[in-house]
$ cat coords-v4.txt   # compact mmCIF, C-alpha atoms
# COMPACT_ATOMS: atom_id res chain seq x y z
CA MET A 1 -107.69 -95.60 13.49
CA ALA A 2 -107.57 -99.29 14.38
CA SER A 3 -104.33 -100.60 15.75
CA GLU A 4 -102.48 -103.87 15.51
CA THR A 5 -100.73 -103.40 18.81
CA THR A 6 -101.88 -103.41 22.38
CA GLY A 7 -100.60 -102.87 25.86
CA ALA A 8 -99.93 -106.11 27.68
CA MET A 9 -103.64 -106.42 28.22
CA ALA A 10 -105.09 -109.62 29.58
CA PRO A 11 -108.60 -110.66 30.49
CA SER A 12 -110.13 -110.24 33.91
CA VAL A 13 -113.68 -111.41 34.51
CA ILE A 14 -113.64 -110.08 38.06
CA GLY A 15 -112.12 -106.89 39.43
CA GLU A 16 -112.53 -103.24 38.64
CA PRO A 17 -114.30 -102.42 35.36
CA THR A 18 -112.21 -100.58 32.79
CA GLU A 19 -112.82 -98.76 29.54
CA THR A 20 -111.48 -101.72 27.59
CA VAL A 21 -113.40 -104.85 26.61
CA TYR A 22 -111.40 -108.02 26.06
CA ILE A 23 -112.84 -110.40 23.46
CA ARG A 24 -111.88 -114.01 22.86
CA ASN A 25 -113.23 -116.94 20.84
CA LEU A 26 -113.37 -114.89 17.65
CA ASN A 27 -113.48 -116.74 14.35
CA GLU A 28 -109.84 -117.01 13.23
CA ARG A 29 -110.85 -117.41 9.60
CA VAL A 30 -112.01 -113.79 9.41
CA LYS A 31 -109.26 -111.67 7.86
CA LEU A 32 -107.84 -108.88 9.99
CA GLU A 33 -108.78 -106.21 7.45
CA GLU A 34 -112.39 -107.40 7.74
CA LEU A 35 -112.34 -108.08 11.47
CA ARG A 36 -111.57 -104.55 12.68
CA PRO A 37 -114.42 -102.74 10.89
CA ALA A 38 -116.80 -105.58 11.75
CA LEU A 39 -115.97 -105.29 15.45
CA ARG A 40 -116.26 -101.52 15.35
CA GLY A 41 -119.64 -101.78 13.66
CA THR A 42 -120.88 -104.23 16.28
CA PHE A 43 -119.70 -102.29 19.34
CA LYS A 44 -120.20 -98.66 18.26
CA GLN A 45 -123.83 -98.73 19.47
CA PHE A 46 -122.55 -98.60 23.04
CA GLY A 47 -120.51 -95.42 22.81
CA THR A 48 -117.43 -93.72 21.42
CA ILE A 49 -114.67 -96.17 20.46
CA LEU A 50 -111.10 -94.94 20.84
CA ASP A 51 -109.40 -98.00 19.39
CA VAL A 52 -110.01 -101.49 18.01
CA VAL A 53 -107.08 -103.76 18.74
CA THR A 54 -106.76 -107.06 16.90
CA LEU A 55 -103.91 -109.37 17.82
CA THR A 56 -101.55 -110.70 15.15
CA ASN A 57 -99.45 -112.77 17.54
CA VAL A 58 -99.82 -116.39 16.37
CA ARG A 59 -100.56 -117.52 19.92
CA ALA A 60 -103.19 -114.82 20.46
CA ARG A 61 -105.30 -115.02 17.33
CA GLY A 62 -109.04 -115.08 17.94
CA GLN A 63 -108.69 -112.28 20.49
CA ALA A 64 -109.25 -108.53 20.36
CA PHE A 65 -109.80 -105.44 22.48
CA ILE A 66 -112.37 -102.65 22.12
CA VAL A 67 -111.31 -99.45 23.85
CA PHE A 68 -114.24 -97.22 24.78
CA ASP A 69 -114.22 -93.61 25.90
CA ASN A 70 -115.67 -94.54 29.29
CA VAL A 71 -116.30 -97.45 31.66
CA GLU A 72 -120.08 -97.25 31.32
CA SER A 73 -119.94 -98.02 27.58
CA ALA A 74 -117.64 -100.99 28.13
CA THR A 75 -119.90 -102.34 30.87
CA LYS A 76 -123.02 -102.07 28.72
CA ALA A 77 -121.27 -103.77 25.80
CA ILE A 78 -120.26 -106.74 27.95
CA GLU A 79 -123.74 -107.06 29.43
CA ASP A 80 -125.53 -106.95 26.07
CA LEU A 81 -123.10 -108.88 23.85
CA GLN A 82 -121.85 -111.63 26.14
CA SER A 83 -121.98 -114.88 24.11
CA ALA A 84 -123.47 -113.07 21.09
CA ASP A 85 -122.79 -114.72 17.74
CA PHE A 86 -120.05 -113.05 15.71
CA HIS A 87 -119.17 -114.68 12.38
CA GLY A 88 -120.44 -118.04 13.57
CA LYS A 89 -118.87 -118.16 17.03
CA PRO A 90 -120.09 -116.88 20.43
CA MET A 91 -117.98 -114.00 21.75
CA ARG A 92 -116.56 -114.29 25.26
CA LEU A 93 -116.24 -110.84 26.82
CA ALA A 94 -114.51 -109.49 29.91
CA PHE A 95 -112.88 -106.32 31.16
CA SER A 96 -109.20 -105.96 30.38
CA ARG A 97 -107.15 -105.92 33.56
CA SER A 98 -104.53 -103.59 32.07
CA LYS A 99 -104.75 -100.12 30.67
CA SER A 100 -104.85 -99.79 26.88
CA ASP A 101 -102.40 -97.60 24.97
CA ALA A 102 -105.23 -95.28 23.93
CA ILE A 103 -106.30 -94.66 27.53
CA ALA A 104 -102.69 -94.32 28.70
CA LYS A 105 -102.07 -91.67 26.05
CA ARG A 106 -105.18 -89.78 27.09
CA GLU A 107 -104.07 -89.82 30.73
CA GLY A 108 -100.45 -88.97 29.93
CA SER A 109 -99.03 -92.22 31.30
CA PHE A 110 -98.13 -93.86 27.98
CA ASN A 111 -94.66 -95.44 27.87
CA GLU A 112 -93.38 -95.71 24.32
CA SER A 113 -90.34 -97.78 25.24
CA VAL A 114 -92.56 -100.48 26.74
CA ARG A 115 -94.67 -100.55 23.58
CA ASP A 116 -91.59 -100.85 21.35
CA LYS A 117 -90.21 -103.70 23.46
CA ARG A 118 -93.54 -105.48 23.17
CA LYS A 119 -93.50 -105.07 19.37
CA ARG A 120 -90.00 -106.55 19.14
CA ARG A 121 -91.00 -109.51 21.30
CA ARG A 122 -94.10 -110.17 19.23
CA LYS A 123 -92.14 -109.96 15.95
CA GLN A 124 -89.57 -112.44 17.28
CA GLU A 125 -92.32 -114.86 18.30
CA ILE A 126 -93.80 -114.76 14.81
CA LEU A 127 -90.40 -115.28 13.16
CA GLU A 128 -89.67 -118.25 15.41
CA TRP A 129 -93.07 -119.76 14.68
CA GLN A 130 -92.57 -119.34 10.92
CA GLU A 131 -89.10 -120.88 11.04
CA LYS A 132 -90.41 -123.84 13.03
CA ASN A 133 -93.14 -124.47 10.47
CA GLN A 134 -90.78 -124.16 7.51
CA ASN A 135 -88.42 -126.68 9.08
CA ALA A 136 -91.29 -129.03 9.85
CA ASP A 137 -92.55 -128.84 6.27
CA SER A 138 -89.11 -129.59 4.83
CA ASP A 139 -88.75 -132.57 7.18
CA GLY A 140 -92.15 -133.91 6.21
CA GLU A 141 -93.57 -133.72 9.74
CA GLY A 142 -97.30 -133.84 9.99
CA GLY A 143 -97.26 -136.26 7.16
CA PHE A 144 -100.31 -136.16 4.92
CA GLY A 145 -99.36 -134.57 1.64
CA GLY A 146 -97.77 -131.53 3.32
CA ASP A 147 -100.87 -129.39 2.71
CA ASP A 148 -103.50 -130.61 5.13
CA VAL A 149 -101.62 -131.13 8.38
CA GLY A 150 -98.48 -130.22 10.27
CA HIS A 151 -97.70 -127.43 12.72
CA ALA A 152 -100.91 -125.55 12.08
CA LEU A 153 -102.55 -122.88 14.18
CA PRO A 154 -104.97 -124.20 16.80
CA ASN A 155 -108.38 -125.02 15.34
CA ARG A 156 -111.25 -127.41 15.96
CA THR A 157 -109.94 -130.26 13.76
CA LEU A 158 -107.22 -132.67 14.91
CA PHE A 159 -104.93 -134.81 12.77
CA VAL A 160 -104.30 -138.17 14.41
CA GLU A 161 -101.37 -140.43 13.50
CA ASN A 162 -100.13 -143.85 14.63
CA LEU A 163 -103.56 -145.42 14.91
CA PRO A 164 -103.67 -149.21 14.56
CA VAL A 165 -103.83 -150.22 10.90
CA ALA A 166 -107.17 -151.92 11.51
CA ALA A 167 -108.71 -148.89 13.25
CA THR A 168 -112.17 -147.81 12.10
CA SER A 169 -114.05 -144.54 12.54
CA ASP A 170 -116.24 -146.17 15.20
CA MET A 171 -113.22 -147.35 17.17
CA VAL A 172 -111.53 -143.94 17.01
CA GLY A 173 -114.80 -142.18 17.79
CA LYS A 174 -115.26 -144.12 21.03
CA LEU A 175 -111.90 -142.81 22.20
CA PHE A 176 -112.36 -139.15 21.26
CA GLN A 177 -116.04 -138.77 22.13
CA ALA A 178 -115.06 -138.92 25.79
CA TYR A 179 -114.23 -135.22 25.36
CA ASP A 180 -116.94 -132.57 25.10
CA GLY A 181 -117.78 -131.18 21.68
CA PHE A 182 -116.89 -134.27 19.66
CA LYS A 183 -118.48 -134.19 16.19
CA GLU A 184 -116.98 -136.82 13.89
CA VAL A 185 -114.05 -138.94 12.78
CA ARG A 186 -112.91 -138.97 9.16
CA MET A 187 -110.59 -141.80 8.24
CA ILE A 188 -108.23 -141.09 5.34
CA PRO A 189 -108.85 -143.46 2.41
CA GLY A 190 -105.76 -145.40 1.43
CA ARG A 191 -103.81 -144.17 4.46
CA PRO A 192 -104.33 -146.62 7.34
CA GLY A 193 -103.45 -145.31 10.76
CA LEU A 194 -104.41 -141.72 9.97
CA ALA A 195 -107.60 -139.79 10.73
CA PHE A 196 -109.12 -136.36 11.22
CA VAL A 197 -111.20 -135.77 14.34
CA GLU A 198 -113.46 -132.73 14.47
CA TYR A 199 -114.83 -130.90 17.52
CA GLU A 200 -117.29 -128.07 17.87
CA SER A 201 -114.63 -125.59 18.99
CA GLU A 202 -110.90 -125.03 19.17
CA ALA A 203 -110.99 -125.14 22.98
CA GLN A 204 -112.60 -128.58 22.91
CA SER A 205 -110.19 -130.01 20.35
CA SER A 206 -107.28 -128.64 22.38
CA GLU A 207 -108.59 -130.35 25.51
CA ALA A 208 -108.85 -133.66 23.65
CA MET A 209 -105.32 -133.24 22.29
CA ARG A 210 -103.92 -132.63 25.78
CA GLY A 211 -105.77 -135.64 27.15
CA LEU A 212 -104.88 -138.12 24.42
CA GLN A 213 -101.46 -137.00 23.22
CA ALA A 214 -99.08 -140.00 23.39
CA PHE A 215 -101.95 -142.24 24.49
CA THR A 216 -100.97 -145.89 24.08
CA LEU A 217 -103.55 -147.99 22.25
CA THR A 218 -101.43 -151.07 21.67
CA GLU A 219 -97.81 -152.06 22.14
CA ASP A 220 -97.05 -150.67 18.68
CA SER A 221 -99.50 -147.76 18.63
CA THR A 222 -98.92 -144.52 20.52
CA LEU A 223 -101.03 -141.62 19.32
CA LYS A 224 -99.47 -138.54 17.79
CA ILE A 225 -101.95 -135.65 17.57
CA SER A 226 -101.60 -132.24 15.93
CA TYR A 227 -103.91 -129.56 14.57
CA ALA A 228 -105.03 -130.05 10.99
CA LYS A 229 -104.18 -127.32 8.49
CA ILE A 230 -107.37 -125.64 7.37

$ encode --input "coords-v4.txt" --output "structure tokens"
Amino acid sequence: MASETTGAMAPSVIGEPTETVYIRNLNERVKLEELRPALRGTFKQFGTILDVVTLTNVRARGQAFIVFDNVESATKAIEDLQSADFHGKPMRLAFSRSKSDAIAKREGSFNESVRDKRKRRRKQEILEWQEKNQNADSDGEGGFGGDDVGHALPNRTLFVENLPVAATSDMVGKLFQAYDGFKEVRMIPGRPGLAFVEYESEAQSSEAMRGLQAFTLTEDSTLKISYAKI
């Protein structure tokens, strides 16, 4: 049965192969109840699957683990499916550097207290994230109608505020196209100083946000950038 929890597994491209495949860059729009069976169906060709672990932590969405019965199956899966398209995005695969709960249980080294502590920490993170977003919504942060922007989960579209009133899509585009993956700028009709900027991937939009956050365009214009709500 698929699980929502995982040992404190993290990716390791180099090092000793393990029975567990770490997957990142999954399409976050795919619902969890659809994601697990879809992953199982994709990976079952390589061997017996002990567990499919999809992460619900708000900071770890788009990631999952496939726990195989043996190292050979995990190795073959990584070799054959590296960068394969899965729901419109290329999967990035690696061996997990930590032992999964399923393998630990099989070997008799499973520590239930560690798992329970991890669950409590993850639940607290989610509660804190929800509270932060509720407060932001009530304060009107993120600005545009309260439905399209704000403290959203990371995605490939950025919401840009504090642009000069006279800014055009061409002007904004010249600034953001310096970062890989730039696709387009969409100015917001009737709302000068605001725009959406879209990239090909979440990683690329995040890089642009880090590079241009608080960037000063004019004496009265310092960029404020957040993820758009999608």

$ closest_residue --input "coords-v4.txt" --among "A:Glu19, A:Glu161, A:Glu28, A:Asp220" --to "Asn70 in chain A" --atoms "only C-alpha atoms"
A:Glu19

$ atom_distance --input "coords-v4.txt" --atom1 "CA of Asn155 in chain A" --atom2 "CA of Ser201 in chain A"
7.3 Å

$ residues_near_point --input "coords-v4.txt" --point "(-112.4, -127.9, 14.4)" --cutoff "8 Å" --atoms "only C-alpha atoms" --output "list of chain:residue names"
A:Asn155, A:Arg156, A:Thr157, A:Leu158, A:Val197, A:Glu198, A:Tyr199, A:Glu200, A:Ser201, A:Glu202, A:Ser205

$ closest_residue --input "coords-v4.txt" --among "A:Thr42, A:Gln82, A:Thr18, A:Ser221" --to "Ile103 in chain A" --atoms "only C-alpha atoms"
A:Thr18

$ atom_distance --input "coords-v4.txt" --atom1 "CA of Val21 in chain A" --atom2 "CA of Ile78 in chain A"
7.2 Å

$ closest_residue --input "coords-v4.txt" --among "A:Ser98, A:Gln204, A:Thr222, A:Ser169" --to "Pro154 in chain A" --atoms "all atoms listed in the file"
A:Gln204

$ residues_around --input "coords-v4.txt" --residues "Leu163 in chain A" --least-positions-apart "6" --cutoff "10 Å" --atoms "only C-alpha atoms" --output "JSON, numbers by chain"
{"A": [172, 192, 193, 194, 195, 216, 217, 218, 220, 221, 222, 223, 224]}

$ write_last_selection --input "coords-v4.txt" --atoms "C-alpha atoms" --output "mmCIF file, in the coordinates of the input"
data_model
loop_
_atom_site.group_PDB
_atom_site.id
_atom_site.type_symbol
_atom_site.label_atom_id
_atom_site.label_comp_id
_atom_site.auth_asym_id
_atom_site.auth_seq_id
_atom_site.Cartn_x
_atom_site.Cartn_y
_atom_site.Cartn_z
ATOM 1 C CA VAL A 172 -111.530 -143.940 17.010
ATOM 2 C CA PRO A 192 -104.330 -146.620 7.340
ATOM 3 C CA GLY A 193 -103.450 -145.310 10.760
ATOM 4 C CA LEU A 194 -104.410 -141.720 9.970
ATOM 5 C CA ALA A 195 -107.600 -139.790 10.730
ATOM 6 C CA THR A 216 -100.970 -145.890 24.080
ATOM 7 C CA LEU A 217 -103.550 -147.990 22.250
ATOM 8 C CA THR A 218 -101.430 -151.070 21.670
ATOM 9 C CA ASP A 220 -97.050 -150.670 18.680
ATOM 10 C CA SER A 221 -99.500 -147.760 18.630
ATOM 11 C CA THR A 222 -98.920 -144.520 20.520
ATOM 12 C CA LEU A 223 -101.030 -141.620 19.320
ATOM 13 C CA LYS A 224 -99.470 -138.540 17.790
#

$ atom_distance --input "coords-v4.txt" --atom1 "CA of Leu153 in chain A" --atom2 "CA of Ser226 in chain A"
9.6 Å

$ residues_near_point --input "coords-v4.txt" --point "(-114.0, -108.8, 12.5)" --cutoff "12 Å" --atoms "only C-alpha atoms" --output "number ranges by chain"
A: 2, 23-43, 52-55, 61-66, 85-89, 91

$ closest_residue --input "coords-v4.txt" --among "A:Leu81, A:Ala178, A:Ile49, A:Met187" --to "Val67 in chain A" --atoms "only C-alpha atoms"
A:Ile49

$ closest_residue --input "coords-v4.txt" --among "A:Ser100, A:Val160, A:Gly108, A:Phe95" --to "Ala214 in chain A" --atoms "all atoms listed in the file"
A:Val160

$ decode --input "coords-v4.txt" --residues "range 156-222 of chain A" --atoms "C-alpha atoms" --output "PDB file, in the first residue's frame"
ATOM      1  CA  ARG A 156       6.849  28.543 -13.009  1.00  0.00           C
ATOM      2  CA  THR A 157       4.889  31.836 -13.014  1.00  0.00           C
ATOM      3  CA  LEU A 158       6.007  34.906 -11.061  1.00  0.00           C
ATOM      4  CA  PHE A 159       3.904  37.841  -9.911  1.00  0.00           C
ATOM      5  CA  VAL A 160       5.871  41.079 -10.128  1.00  0.00           C
ATOM      6  CA  GLU A 161       4.917  44.245  -8.233  1.00  0.00           C
ATOM      7  CA  ASN A 162       6.315  47.784  -7.984  1.00  0.00           C
ATOM      8  CA  LEU A 163       7.187  48.105 -11.657  1.00  0.00           C
ATOM      9  CA  PRO A 164       7.336  51.662 -13.013  1.00  0.00           C
ATOM     10  CA  VAL A 165       3.874  52.851 -14.030  1.00  0.00           C
ATOM     11  CA  ALA A 166       5.072  53.302 -17.610  1.00  0.00           C
ATOM     12  CA  ALA A 167       6.590  49.802 -17.829  1.00  0.00           C
ATOM     13  CA  THR A 168       5.718  47.735 -20.902  1.00  0.00           C
ATOM     14  CA  SER A 169       5.966  44.005 -21.556  1.00  0.00           C
ATOM     15  CA  ASP A 170       9.046  44.601 -23.724  1.00  0.00           C
ATOM     16  CA  MET A 171      10.780  46.548 -20.974  1.00  0.00           C
ATOM     17  CA  VAL A 172       9.998  43.908 -18.336  1.00  0.00           C
ATOM     18  CA  GLY A 173      10.928  41.109 -20.722  1.00  0.00           C
ATOM     19  CA  LYS A 174      14.419  42.526 -21.275  1.00  0.00           C
ATOM     20  CA  LEU A 175      15.009  42.305 -17.542  1.00  0.00           C
ATOM     21  CA  PHE A 176      13.677  38.784 -16.961  1.00  0.00           C
ATOM     22  CA  GLN A 177      14.918  37.146 -20.155  1.00  0.00           C
ATOM     23  CA  ALA A 178      18.426  37.309 -18.728  1.00  0.00           C
ATOM     24  CA  TYR A 179      17.449  34.144 -16.851  1.00  0.00           C
ATOM     25  CA  ASP A 180      17.172  30.778 -18.585  1.00  0.00           C
ATOM     26  CA  GLY A 181      13.729  29.469 -19.456  1.00  0.00           C
ATOM     27  CA  PHE A 182      12.017  32.835 -19.903  1.00  0.00           C
ATOM     28  CA  LYS A 183       8.772  32.514 -21.887  1.00  0.00           C
ATOM     29  CA  GLU A 184       6.663  35.663 -21.664  1.00  0.00           C
ATOM     30  CA  VAL A 185       5.492  38.718 -19.754  1.00  0.00           C
ATOM     31  CA  ARG A 186       1.804  39.418 -19.244  1.00  0.00           C
ATOM     32  CA  MET A 187       0.980  42.920 -18.103  1.00  0.00           C
ATOM     33  CA  ILE A 188      -2.244  43.266 -16.112  1.00  0.00           C
ATOM     34  CA  PRO A 189      -4.758  45.520 -17.881  1.00  0.00           C
ATOM     35  CA  GLY A 190      -5.843  48.446 -15.749  1.00  0.00           C
ATOM     36  CA  ARG A 191      -3.237  47.692 -13.071  1.00  0.00           C
ATOM     37  CA  PRO A 192      -0.031  49.594 -13.906  1.00  0.00           C
ATOM     38  CA  GLY A 193       3.075  48.368 -12.146  1.00  0.00           C
ATOM     39  CA  LEU A 194       1.953  44.740 -12.030  1.00  0.00           C
ATOM     40  CA  ALA A 195       2.828  41.816 -14.296  1.00  0.00           C
ATOM     41  CA  PHE A 196       3.055  38.049 -14.556  1.00  0.00           C
ATOM     42  CA  VAL A 197       6.306  36.551 -15.849  1.00  0.00           C
ATOM     43  CA  GLU A 198       6.314  32.935 -16.982  1.00  0.00           C
ATOM     44  CA  TYR A 199       9.246  30.516 -17.227  1.00  0.00           C
ATOM     45  CA  GLU A 200       9.519  27.010 -18.586  1.00  0.00           C
ATOM     46  CA  SER A 201      10.004  25.467 -15.146  1.00  0.00           C
ATOM     47  CA  GLU A 202       9.679  26.164 -11.444  1.00  0.00           C
ATOM     48  CA  ALA A 203      13.450  25.926 -10.986  1.00  0.00           C
ATOM     49  CA  GLN A 204      14.008  28.635 -13.596  1.00  0.00           C
ATOM     50  CA  SER A 205      11.376  30.979 -12.170  1.00  0.00           C
ATOM     51  CA  SER A 206      12.873  30.493  -8.713  1.00  0.00           C
ATOM     52  CA  GLU A 207      16.318  31.411 -10.006  1.00  0.00           C
ATOM     53  CA  ALA A 208      14.936  34.587 -11.569  1.00  0.00           C
ATOM     54  CA  MET A 209      13.135  35.474  -8.341  1.00  0.00           C
ATOM     55  CA  ARG A 210      16.324  35.076  -6.309  1.00  0.00           C
ATOM     56  CA  GLY A 211      18.273  37.185  -8.778  1.00  0.00           C
ATOM     57  CA  LEU A 212      15.790  40.033  -9.145  1.00  0.00           C
ATOM     58  CA  GLN A 213      14.065  40.206  -5.770  1.00  0.00           C
ATOM     59  CA  ALA A 214      14.332  43.800  -4.466  1.00  0.00           C
ATOM     60  CA  PHE A 215      16.034  44.872  -7.697  1.00  0.00           C
ATOM     61  CA  THR A 216      15.978  48.664  -7.991  1.00  0.00           C
ATOM     62  CA  LEU A 217      14.738  49.928 -11.347  1.00  0.00           C
ATOM     63  CA  THR A 218      14.306  53.577 -10.429  1.00  0.00           C
ATOM     64  CA  GLU A 219      14.474  55.658  -7.276  1.00  0.00           C
ATOM     65  CA  ASP A 220      10.796  54.885  -6.646  1.00  0.00           C
ATOM     66  CA  SER A 221      10.671  51.344  -8.028  1.00  0.00           C
ATOM     67  CA  THR A 222      12.058  48.338  -6.173  1.00  0.00           C
TER      68      THR A 222
END
